[in-house]
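Below: input-v7.cif (mmCIF, N, CA and C atoms)
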data_model
loop_
_atom_site.label_atom_id
_atom_site.label_comp_id
_atom_site.auth_asym_id
_atom_site.auth_seq_id
_atom_site.Cartn_x
_atom_site.Cartn_y
_atom_site.Cartn_z
N MET G 296 0.84 -1.16 0.00
CA MET G 296 0.00 0.00 0.00
C MET G 296 0.89 1.24 0.00
N ILE G 297 0.52 2.19 -0.81
CA ILE G 297 1.22 3.46 -0.87
C ILE G 297 0.27 4.54 -0.40
N ASP G 298 0.69 5.30 0.59
CA ASP G 298 -0.13 6.38 1.12
C ASP G 298 0.35 7.70 0.53
N PHE G 299 -0.47 8.30 -0.31
CA PHE G 299 -0.13 9.56 -0.94
C PHE G 299 -0.66 10.75 -0.15
N GLY G 300 -1.15 10.52 1.04
CA GLY G 300 -1.81 11.55 1.84
C GLY G 300 -0.99 12.78 2.16
N THR G 301 0.31 12.66 2.18
CA THR G 301 1.13 13.82 2.54
C THR G 301 1.96 14.33 1.36
N CYS G 302 1.56 13.99 0.15
CA CYS G 302 2.33 14.42 -1.03
C CYS G 302 2.39 15.93 -1.19
N GLY G 303 1.40 16.63 -0.67
CA GLY G 303 1.37 18.07 -0.85
C GLY G 303 2.06 18.86 0.24
N VAL G 304 2.59 18.19 1.24
CA VAL G 304 3.23 18.91 2.34
C VAL G 304 4.39 19.74 1.80
N GLY G 305 4.35 21.02 2.10
CA GLY G 305 5.41 21.91 1.65
C GLY G 305 5.16 22.53 0.28
N ASP G 306 4.13 22.10 -0.42
CA ASP G 306 3.84 22.66 -1.74
C ASP G 306 3.00 23.93 -1.54
N PRO G 307 3.52 25.08 -1.95
CA PRO G 307 2.76 26.32 -1.76
C PRO G 307 1.43 26.32 -2.51
N ALA G 308 1.29 25.47 -3.51
CA ALA G 308 0.03 25.40 -4.26
C ALA G 308 -1.13 25.00 -3.35
N CYS G 309 -0.85 24.20 -2.34
CA CYS G 309 -1.91 23.78 -1.41
C CYS G 309 -2.52 24.98 -0.70
N ASP G 310 -1.73 25.99 -0.47
CA ASP G 310 -2.23 27.20 0.21
C ASP G 310 -3.09 28.06 -0.71
N LEU G 311 -3.01 27.83 -2.01
CA LEU G 311 -3.75 28.65 -2.96
C LEU G 311 -5.11 28.05 -3.31
N VAL G 312 -5.39 26.84 -2.86
CA VAL G 312 -6.66 26.18 -3.16
C VAL G 312 -7.84 27.01 -2.69
N LEU G 313 -7.64 27.77 -1.63
CA LEU G 313 -8.73 28.61 -1.12
C LEU G 313 -9.23 29.59 -2.17
N SER G 314 -8.44 29.81 -3.22
CA SER G 314 -8.88 30.69 -4.30
C SER G 314 -10.21 30.21 -4.89
N TRP G 315 -10.39 28.90 -4.96
CA TRP G 315 -11.61 28.34 -5.54
C TRP G 315 -12.62 27.93 -4.47
N THR G 316 -12.13 27.56 -3.30
CA THR G 316 -13.04 27.08 -2.27
C THR G 316 -13.67 28.19 -1.44
N VAL G 317 -13.04 29.38 -1.44
CA VAL G 317 -13.53 30.48 -0.61
C VAL G 317 -13.89 31.72 -1.43
N LEU G 318 -13.12 32.02 -2.45
CA LEU G 318 -13.26 33.29 -3.16
C LEU G 318 -14.14 33.17 -4.41
N ASP G 319 -14.81 34.28 -4.74
CA ASP G 319 -15.54 34.33 -6.01
C ASP G 319 -14.54 34.71 -7.11
N ALA G 320 -15.01 34.74 -8.35
CA ALA G 320 -14.11 34.95 -9.48
C ALA G 320 -13.37 36.29 -9.40
N GLU G 321 -14.08 37.35 -9.05
CA GLU G 321 -13.45 38.67 -8.96
C GLU G 321 -12.39 38.70 -7.86
N SER G 322 -12.71 38.15 -6.70
CA SER G 322 -11.75 38.12 -5.58
C SER G 322 -10.58 37.23 -5.90
N ARG G 323 -10.85 36.13 -6.61
CA ARG G 323 -9.78 35.20 -6.99
C ARG G 323 -8.78 35.91 -7.92
N ALA G 324 -9.29 36.69 -8.87
CA ALA G 324 -8.40 37.42 -9.79
C ALA G 324 -7.53 38.42 -9.02
N LEU G 325 -8.12 39.12 -8.08
CA LEU G 325 -7.36 40.07 -7.27
C LEU G 325 -6.31 39.34 -6.43
N PHE G 326 -6.72 38.24 -5.80
CA PHE G 326 -5.81 37.44 -4.98
C PHE G 326 -4.63 36.98 -5.82
N ARG G 327 -4.93 36.47 -7.02
CA ARG G 327 -3.86 35.97 -7.88
C ARG G 327 -2.89 37.09 -8.26
N SER G 328 -3.42 38.29 -8.49
CA SER G 328 -2.55 39.40 -8.86
C SER G 328 -1.63 39.83 -7.72
N LEU G 329 -2.02 39.52 -6.48
CA LEU G 329 -1.25 39.95 -5.32
C LEU G 329 -0.30 38.89 -4.77
N VAL G 330 -0.53 37.62 -5.14
CA VAL G 330 0.30 36.53 -4.62
C VAL G 330 1.45 36.26 -5.60
N PRO G 331 2.69 36.31 -5.11
CA PRO G 331 3.83 36.08 -6.00
C PRO G 331 4.07 34.59 -6.25
N ALA G 332 3.17 33.97 -7.03
CA ALA G 332 3.33 32.56 -7.38
C ALA G 332 3.37 32.44 -8.90
N ASP G 333 4.18 31.50 -9.39
CA ASP G 333 4.30 31.34 -10.84
C ASP G 333 3.12 30.53 -11.40
N ASP G 334 3.03 30.46 -12.72
CA ASP G 334 1.92 29.77 -13.37
C ASP G 334 1.86 28.29 -13.00
N GLY G 335 3.02 27.67 -12.82
CA GLY G 335 3.04 26.26 -12.44
C GLY G 335 2.42 26.03 -11.07
N THR G 336 2.69 26.93 -10.15
CA THR G 336 2.11 26.81 -8.81
C THR G 336 0.60 26.96 -8.88
N TRP G 337 0.12 27.93 -9.69
CA TRP G 337 -1.32 28.11 -9.84
C TRP G 337 -1.97 26.90 -10.52
N ALA G 338 -1.26 26.30 -11.48
CA ALA G 338 -1.80 25.09 -12.14
C ALA G 338 -1.92 23.94 -11.14
N ARG G 339 -0.92 23.78 -10.29
CA ARG G 339 -1.00 22.73 -9.25
C ARG G 339 -2.13 23.02 -8.28
N ALA G 340 -2.31 24.30 -7.94
CA ALA G 340 -3.41 24.67 -7.04
C ALA G 340 -4.76 24.30 -7.65
N ARG G 341 -4.92 24.57 -8.94
CA ARG G 341 -6.16 24.16 -9.61
C ARG G 341 -6.32 22.65 -9.55
N GLY G 342 -5.22 21.94 -9.73
CA GLY G 342 -5.27 20.48 -9.64
C GLY G 342 -5.69 20.00 -8.26
N TRP G 343 -5.15 20.62 -7.22
CA TRP G 343 -5.54 20.26 -5.85
C TRP G 343 -7.02 20.56 -5.61
N ALA G 344 -7.49 21.72 -6.09
CA ALA G 344 -8.90 22.08 -5.93
C ALA G 344 -9.79 21.09 -6.68
N LEU G 345 -9.38 20.70 -7.87
CA LEU G 345 -10.13 19.73 -8.66
C LEU G 345 -10.18 18.39 -7.94
N TRP G 346 -9.05 17.93 -7.46
CA TRP G 346 -8.98 16.65 -6.76
C TRP G 346 -9.91 16.64 -5.54
N LYS G 347 -9.82 17.67 -4.75
CA LYS G 347 -10.63 17.72 -3.53
C LYS G 347 -12.12 17.76 -3.86
N ALA G 348 -12.50 18.56 -4.85
CA ALA G 348 -13.91 18.64 -5.24
C ALA G 348 -14.41 17.31 -5.80
N LEU G 349 -13.61 16.66 -6.62
CA LEU G 349 -14.04 15.39 -7.21
C LEU G 349 -14.21 14.29 -6.18
N ILE G 350 -13.30 14.21 -5.21
CA ILE G 350 -13.46 13.13 -4.23
C ILE G 350 -14.64 13.39 -3.31
N THR G 351 -15.02 14.66 -3.15
CA THR G 351 -16.18 14.98 -2.32
C THR G 351 -17.48 14.72 -3.09
N VAL G 352 -17.54 15.16 -4.33
CA VAL G 352 -18.74 14.94 -5.15
C VAL G 352 -18.99 13.45 -5.35
N ASP G 353 -17.92 12.69 -5.48
CA ASP G 353 -18.05 11.26 -5.78
C ASP G 353 -18.32 10.42 -4.54
N ARG G 354 -18.34 11.02 -3.37
CA ARG G 354 -18.55 10.27 -2.13
C ARG G 354 -20.00 10.40 -1.68
N PRO G 355 -20.81 9.38 -1.93
CA PRO G 355 -22.23 9.45 -1.57
C PRO G 355 -22.47 9.72 -0.09
N ALA G 356 -21.55 9.32 0.76
CA ALA G 356 -21.73 9.52 2.20
C ALA G 356 -21.43 10.95 2.63
N ALA G 357 -20.88 11.75 1.74
CA ALA G 357 -20.58 13.15 2.09
C ALA G 357 -21.90 13.89 2.31
N PRO G 358 -21.93 14.77 3.30
CA PRO G 358 -23.16 15.54 3.54
C PRO G 358 -23.54 16.38 2.32
N ALA G 359 -24.82 16.57 2.13
CA ALA G 359 -25.32 17.32 0.97
C ALA G 359 -24.67 18.71 0.84
N PRO G 360 -24.51 19.47 1.94
CA PRO G 360 -23.86 20.79 1.79
C PRO G 360 -22.42 20.68 1.28
N ALA G 361 -21.70 19.66 1.71
CA ALA G 361 -20.32 19.48 1.25
C ALA G 361 -20.29 19.13 -0.23
N ARG G 362 -21.23 18.30 -0.66
CA ARG G 362 -21.29 17.93 -2.06
C ARG G 362 -21.70 19.13 -2.93
N ALA G 363 -22.62 19.94 -2.42
CA ALA G 363 -23.03 21.14 -3.15
C ALA G 363 -21.86 22.12 -3.27
N GLU G 364 -21.10 22.27 -2.21
CA GLU G 364 -19.93 23.16 -2.24
C GLU G 364 -18.89 22.63 -3.23
N ALA G 365 -18.69 21.32 -3.25
CA ALA G 365 -17.74 20.73 -4.19
C ALA G 365 -18.20 20.97 -5.63
N ALA G 366 -19.51 20.88 -5.87
CA ALA G 366 -20.05 21.15 -7.21
C ALA G 366 -19.82 22.62 -7.58
N ARG G 367 -19.95 23.53 -6.61
CA ARG G 367 -19.71 24.95 -6.86
C ARG G 367 -18.25 25.18 -7.24
N VAL G 368 -17.33 24.49 -6.54
CA VAL G 368 -15.90 24.60 -6.86
C VAL G 368 -15.63 24.09 -8.27
N LEU G 369 -16.24 22.96 -8.63
CA LEU G 369 -16.07 22.43 -9.98
C LEU G 369 -16.58 23.42 -11.02
N ASP G 370 -17.73 24.03 -10.75
CA ASP G 370 -18.25 25.04 -11.68
C ASP G 370 -17.27 26.20 -11.83
N ALA G 371 -16.68 26.65 -10.74
CA ALA G 371 -15.71 27.75 -10.80
C ALA G 371 -14.49 27.34 -11.63
N LEU G 372 -14.02 26.12 -11.43
CA LEU G 372 -12.88 25.62 -12.20
C LEU G 372 -13.24 25.50 -13.67
N PHE G 373 -14.44 24.99 -13.97
CA PHE G 373 -14.88 24.88 -15.36
C PHE G 373 -15.00 26.26 -16.00
N ASP G 374 -15.60 27.21 -15.27
CA ASP G 374 -15.77 28.56 -15.80
C ASP G 374 -14.41 29.18 -16.15
N GLU G 375 -13.47 29.03 -15.25
CA GLU G 375 -12.15 29.60 -15.45
C GLU G 375 -11.44 28.94 -16.63
N SER G 376 -11.56 27.64 -16.71
CA SER G 376 -10.92 26.89 -17.80
C SER G 376 -11.54 27.25 -19.14
N THR G 377 -12.86 27.36 -19.18
CA THR G 377 -13.56 27.72 -20.41
C THR G 377 -13.18 29.12 -20.86
N ALA G 378 -13.13 30.05 -19.92
CA ALA G 378 -12.77 31.43 -20.25
C ALA G 378 -11.35 31.49 -20.81
N ALA G 379 -10.44 30.73 -20.23
CA ALA G 379 -9.05 30.75 -20.66
C ALA G 379 -8.87 30.09 -22.04
N SER G 380 -9.70 29.10 -22.34
CA SER G 380 -9.55 28.38 -23.60
C SER G 380 -10.19 29.11 -24.77
N GLY G 381 -11.15 29.98 -24.47
CA GLY G 381 -11.85 30.68 -25.54
C GLY G 381 -12.91 29.84 -26.23
N VAL G 382 -13.13 28.62 -25.74
CA VAL G 382 -14.14 27.73 -26.31
C VAL G 382 -15.51 28.17 -25.79
N PRO G 383 -16.48 28.40 -26.69
CA PRO G 383 -17.79 28.84 -26.21
C PRO G 383 -18.51 27.74 -25.43
N GLY G 384 -19.42 28.16 -24.58
CA GLY G 384 -20.18 27.21 -23.78
C GLY G 384 -19.48 26.93 -22.47
N LYS G 385 -20.28 26.61 -21.48
CA LYS G 385 -19.72 26.34 -20.16
C LYS G 385 -20.20 24.98 -19.68
N PRO G 386 -19.27 24.04 -19.48
CA PRO G 386 -19.72 22.79 -18.87
C PRO G 386 -20.16 23.07 -17.44
N ARG G 387 -21.15 22.40 -16.97
CA ARG G 387 -21.64 22.59 -15.61
C ARG G 387 -21.55 21.27 -14.87
N CYS G 388 -21.30 21.37 -13.60
CA CYS G 388 -21.29 20.19 -12.76
C CYS G 388 -22.75 19.77 -12.53
N ARG G 389 -23.03 18.54 -12.83
CA ARG G 389 -24.38 18.03 -12.62
C ARG G 389 -24.70 18.09 -11.14
N ARG G 390 -25.82 18.69 -10.82
CA ARG G 390 -26.21 18.79 -9.41
C ARG G 390 -26.61 17.42 -8.92
N LEU G 391 -26.02 17.02 -7.83
CA LEU G 391 -26.26 15.70 -7.27
C LEU G 391 -27.34 15.75 -6.21
N PRO G 392 -28.16 14.71 -6.15
CA PRO G 392 -29.19 14.68 -5.09
C PRO G 392 -28.53 14.54 -3.73
N PRO G 393 -29.22 15.06 -2.68
CA PRO G 393 -28.64 14.96 -1.33
C PRO G 393 -28.52 13.52 -0.86
#

So that I can check it, write out the structure of this file as structure tokens.
Amino acid sequence: MIDFGTCGVGDPACDLVLSWTVLDAESRALFRSLVPADDGTWARARGWALWKALITVDRPAAPAPARAEAARVLDALFDESTAASGVPGKPRCRRLPP
């Protein structure tokens, strides 16, 4: 068995995940402009936010509010990715029943 639970220890990207879990798009843009992190660090932060949201959405035993919050984070990540790619249309996270 390999435990990957502490792979992010010391990675500054883990501290930036709050950009998607706490901040709205406008606040996230301001936060990003003020934090001296390179594009790679921000990409890893998006990856951490995606991972956390996916494992929460996929866990039926997770409380409904946690799953709804994870879906909101996925929507924020999708919105940001869609805007950056220039591809029209926005994928949405399917709302899961409680």

query: For the file shown, what are the residues hit by the PyMOL selection byres ((chain G and resi 365) around 8), laid out as JSON, numbers by chain?
result: {"G": [347, 348, 349, 350, 351, 352, 359, 360, 361, 362, 363, 364, 366, 367, 368, 369, 370, 371, 388]}

I'd like the residues picked by the PyMOL selection byres (((chain G and resi 344 and name CA) around 8) and name CA) written out as a PDB file with N, CA and C atoms, in the coordinates of the input, using the chain letters and numbers from the file.
ATOM      1  N   VAL G 312      -5.390  26.840  -2.860  1.00  0.00           N
ATOM      2  CA  VAL G 312      -6.660  26.180  -3.160  1.00  0.00           C
ATOM      3  C   VAL G 312      -7.840  27.010  -2.690  1.00  0.00           C
ATOM      4  N   TRP G 315     -10.390  28.900  -4.960  1.00  0.00           N
ATOM      5  CA  TRP G 315     -11.610  28.340  -5.540  1.00  0.00           C
ATOM      6  C   TRP G 315     -12.620  27.930  -4.470  1.00  0.00           C
ATOM      7  N   THR G 316     -12.130  27.560  -3.300  1.00  0.00           N
ATOM      8  CA  THR G 316     -13.040  27.080  -2.270  1.00  0.00           C
ATOM      9  C   THR G 316     -13.670  28.190  -1.440  1.00  0.00           C
ATOM     10  N   ALA G 340      -2.310  24.300  -7.940  1.00  0.00           N
ATOM     11  CA  ALA G 340      -3.410  24.670  -7.040  1.00  0.00           C
ATOM     12  C   ALA G 340      -4.760  24.300  -7.650  1.00  0.00           C
ATOM     13  N   ARG G 341      -4.920  24.570  -8.940  1.00  0.00           N
ATOM     14  CA  ARG G 341      -6.160  24.160  -9.610  1.00  0.00           C
ATOM     15  C   ARG G 341      -6.320  22.650  -9.550  1.00  0.00           C
ATOM     16  N   GLY G 342      -5.220  21.940  -9.730  1.00  0.00           N
ATOM     17  CA  GLY G 342      -5.270  20.480  -9.640  1.00  0.00           C
ATOM     18  C   GLY G 342      -5.690  20.000  -8.260  1.00  0.00           C
ATOM     19  N   TRP G 343      -5.150  20.620  -7.220  1.00  0.00           N
ATOM     20  CA  TRP G 343      -5.540  20.260  -5.850  1.00  0.00           C
ATOM     21  C   TRP G 343      -7.020  20.560  -5.610  1.00  0.00           C
ATOM     22  N   LEU G 345      -9.380  20.700  -7.870  1.00  0.00           N
ATOM     23  CA  LEU G 345     -10.130  19.730  -8.660  1.00  0.00           C
ATOM     24  C   LEU G 345     -10.180  18.390  -7.940  1.00  0.00           C
ATOM     25  N   TRP G 346      -9.050  17.930  -7.460  1.00  0.00           N
ATOM     26  CA  TRP G 346      -8.980  16.650  -6.760  1.00  0.00           C
ATOM     27  C   TRP G 346      -9.910  16.640  -5.540  1.00  0.00           C
ATOM     28  N   LYS G 347      -9.820  17.670  -4.750  1.00  0.00           N
ATOM     29  CA  LYS G 347     -10.630  17.720  -3.530  1.00  0.00           C
ATOM     30  C   LYS G 347     -12.120  17.760  -3.860  1.00  0.00           C
ATOM     31  N   ALA G 348     -12.500  18.560  -4.850  1.00  0.00           N
ATOM     32  CA  ALA G 348     -13.910  18.640  -5.240  1.00  0.00           C
ATOM     33  C   ALA G 348     -14.410  17.310  -5.800  1.00  0.00           C
ATOM     34  N   VAL G 368     -17.330  24.490  -6.540  1.00  0.00           N
ATOM     35  CA  VAL G 368     -15.900  24.600  -6.860  1.00  0.00           C
ATOM     36  C   VAL G 368     -15.630  24.090  -8.270  1.00  0.00           C
TER      37      VAL G 368
END

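The coordinates place atom N of Leu372 in chain G at 11.0 Å from CA of Leu318 in chain G.
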
message: Could you tell me how far CA of Phe326 in chain G sits from atom C of Ser314 in chain G, in Å to one decimal place?
response: 8.5 Å
